[in-house]
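Note sheet for the following structure.
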Amino acid sequence: MVSIKDILIELCIVFLWFFGSITIGALFELPFLLLPFFIAFVSLKLFLKRRKKILDFVKDDFQKIGYQLNSERPISFNEYFKKTELEVLPVILVNDVPLKRFRYVRGFRRIFTARSKNGKLHELNTFVMHKWNGENKIEIINIKNLPN
């Protein structure tokens with residue numbers, strides 16, 4: 001799910017952000033330009049993460065739990081907050097990274113259309129985590145039945 005190409009692209013984006021912000025801040029002495037530069041940086045990272053196709057990587061994992069995947073799409077902003085409950089929890093940090101984050105390398109929220117073993121078509125709202133040991137863990141948040 002995470003390839004060398006993805007890692008190299010992420011590193012290039014971070015280095016461009018680092019050196020670009022230093023250039024804007026130190027050479028041009030225009031710190032107000034950092035805000036649009038930061039917005040562009042975050043937008044690019046979100047665009048690349050939403051564009052990533054993970055269907056081929058998780059197809060076998062979904063077959064193990066009884067679903068045959070047909071298509072995938074990224075989750076919309078409205079769908080993200082529809083079934084998500086926000087909780088305030090104490091956080092333990094290790095090097096300014098939450099301990100909960102060490103469960104997985106990368107996580108993706110996706111909507112999959114899948115056919116179950118009995119032939120019904122479903123829309124699965126899922127959170128797919130690529131764990132440190134190379135496995136994929138799938139959390140199904142919501143299942144919506146679709147007409148055949």
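Just remember, in the structure tokens the first chain shown is A, the second B, etc., residues are 1-based per chain, and ligands are 1-based in the order shown.
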
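All residues of protein, DNA or RNA that reach within 10 Å of segment 92-106 of chain A, judged by only C-alpha atoms and not counting those fewer than 4 positions away in the chain, are Met1, Val2, Val128, Met129, His130, Lys131, Trp132, Asn133, Gly134, Glu135, Asn136 and Lys137 of chain A.
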
Residues near segment 108-115 of chain A, cut-off 8 Å, only C-alpha atoms, skip fewer than 5 positions along chain, as a list in words: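 These residues fall inside the cut-off: Tyr67, Gln68, Leu69, Asn70, Ser71, Glu72, Arg73, Pro74, Ile75, Lys120, Leu121, His122, Glu123, Leu124, Asn125, Thr126, Phe127, Val128 and Met129 of chain A.
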
Please produce a file of the residues just selected, as a compact mmCIF listing (two decimals), in the first residue's frame, where the atoms kept are N, CA and C atoms.
```
# COMPACT_ATOMS: atom_id res chain seq x y z
N TYR A 67 -16.37 -10.17 1.35
CA TYR A 67 -16.79 -9.16 0.39
C TYR A 67 -15.89 -9.19 -0.84
N GLN A 68 -16.51 -9.06 -2.02
CA GLN A 68 -15.76 -8.93 -3.26
C GLN A 68 -15.87 -7.48 -3.71
N LEU A 69 -14.74 -6.80 -3.76
CA LEU A 69 -14.74 -5.35 -4.05
C LEU A 69 -14.96 -5.08 -5.53
N ASN A 70 -15.77 -4.06 -5.81
CA ASN A 70 -16.02 -3.63 -7.18
C ASN A 70 -15.33 -2.31 -7.49
N SER A 71 -15.48 -1.32 -6.61
CA SER A 71 -14.89 0.00 -6.86
C SER A 71 -14.56 0.68 -5.54
N GLU A 72 -13.83 1.76 -5.64
CA GLU A 72 -13.45 2.54 -4.47
C GLU A 72 -13.52 4.02 -4.81
N ARG A 73 -13.73 4.81 -3.78
CA ARG A 73 -13.66 6.26 -3.92
C ARG A 73 -13.25 6.84 -2.58
N PRO A 74 -12.61 8.02 -2.61
CA PRO A 74 -12.27 8.66 -1.35
C PRO A 74 -13.52 9.17 -0.65
N ILE A 75 -13.44 9.28 0.63
CA ILE A 75 -14.58 9.73 1.43
C ILE A 75 -14.71 11.26 1.31
N LYS A 120 -25.62 -9.70 -2.38
CA LYS A 120 -26.14 -8.35 -2.20
C LYS A 120 -25.02 -7.32 -2.38
N LEU A 121 -25.41 -6.17 -2.91
CA LEU A 121 -24.46 -5.08 -3.14
C LEU A 121 -24.48 -4.13 -1.94
N HIS A 122 -23.28 -3.80 -1.43
CA HIS A 122 -23.16 -2.94 -0.25
C HIS A 122 -22.19 -1.80 -0.54
N GLU A 123 -22.38 -0.71 0.20
CA GLU A 123 -21.42 0.39 0.20
C GLU A 123 -20.78 0.39 1.59
N LEU A 124 -19.47 0.16 1.63
CA LEU A 124 -18.75 0.02 2.89
C LEU A 124 -17.95 1.28 3.17
N ASN A 125 -18.24 1.92 4.30
CA ASN A 125 -17.45 3.06 4.77
C ASN A 125 -16.38 2.46 5.68
N THR A 126 -15.12 2.52 5.27
CA THR A 126 -14.07 1.80 5.97
C THR A 126 -12.90 2.69 6.33
N PHE A 127 -12.12 2.21 7.28
CA PHE A 127 -10.82 2.77 7.62
C PHE A 127 -9.83 1.63 7.47
N VAL A 128 -8.93 1.74 6.51
CA VAL A 128 -7.95 0.69 6.21
C VAL A 128 -6.60 1.17 6.71
N MET A 129 -5.99 0.35 7.57
CA MET A 129 -4.69 0.69 8.14
C MET A 129 -3.63 -0.27 7.62
```

Between atom CA of Ile143 of chain A and atom CA of Lys52 of chain A, distance in Å (one decimal):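 Separation of atom CA of Ile143 of chain A and atom CA of Lys52 of chain A: 22.4 Å.
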
Members of segment 77-141 of chain A assigned helix (DSSP H, G or I) by DSSP, as a VMD selection string: chain A and resid 77 to 82 99 to 103

Keeping C-alpha atoms for every residue in the selection just given, could you write it to a file as an mmCIF file, in the first residue's frame?
```cif
data_model
loop_
_atom_site.group_PDB
_atom_site.id
_atom_site.type_symbol
_atom_site.label_atom_id
_atom_site.label_comp_id
_atom_site.auth_asym_id
_atom_site.auth_seq_id
_atom_site.Cartn_x
_atom_site.Cartn_y
_atom_site.Cartn_z
ATOM 1 C CA PHE A 77 -15.889 15.819 3.838
ATOM 2 C CA ASN A 78 -19.577 15.411 4.781
ATOM 3 C CA GLU A 79 -19.299 11.608 5.000
ATOM 4 C CA TYR A 80 -16.257 11.866 7.207
ATOM 5 C CA PHE A 81 -18.165 13.654 9.953
ATOM 6 C CA LYS A 82 -21.504 11.868 9.488
ATOM 7 C CA LEU A 99 1.102 6.549 21.006
ATOM 8 C CA LYS A 100 -2.052 5.486 19.146
ATOM 9 C CA ARG A 101 -0.361 6.463 15.858
ATOM 10 C CA PHE A 102 2.294 3.758 16.268
ATOM 11 C CA ARG A 103 -0.360 1.121 15.471
#
```

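Between atom CA of Gly66 of chain A and atom CA of Asn142 of chain A there is a distance of 15.4 Å.
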
For Asp6 of chain A, the nearest of the candidates A:Leu48, A:Leu27, A:Asp61, A:Ile140, counting only C-alpha atoms: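 For Asp6 of chain A, the nearest of the given residues is A:Leu48.
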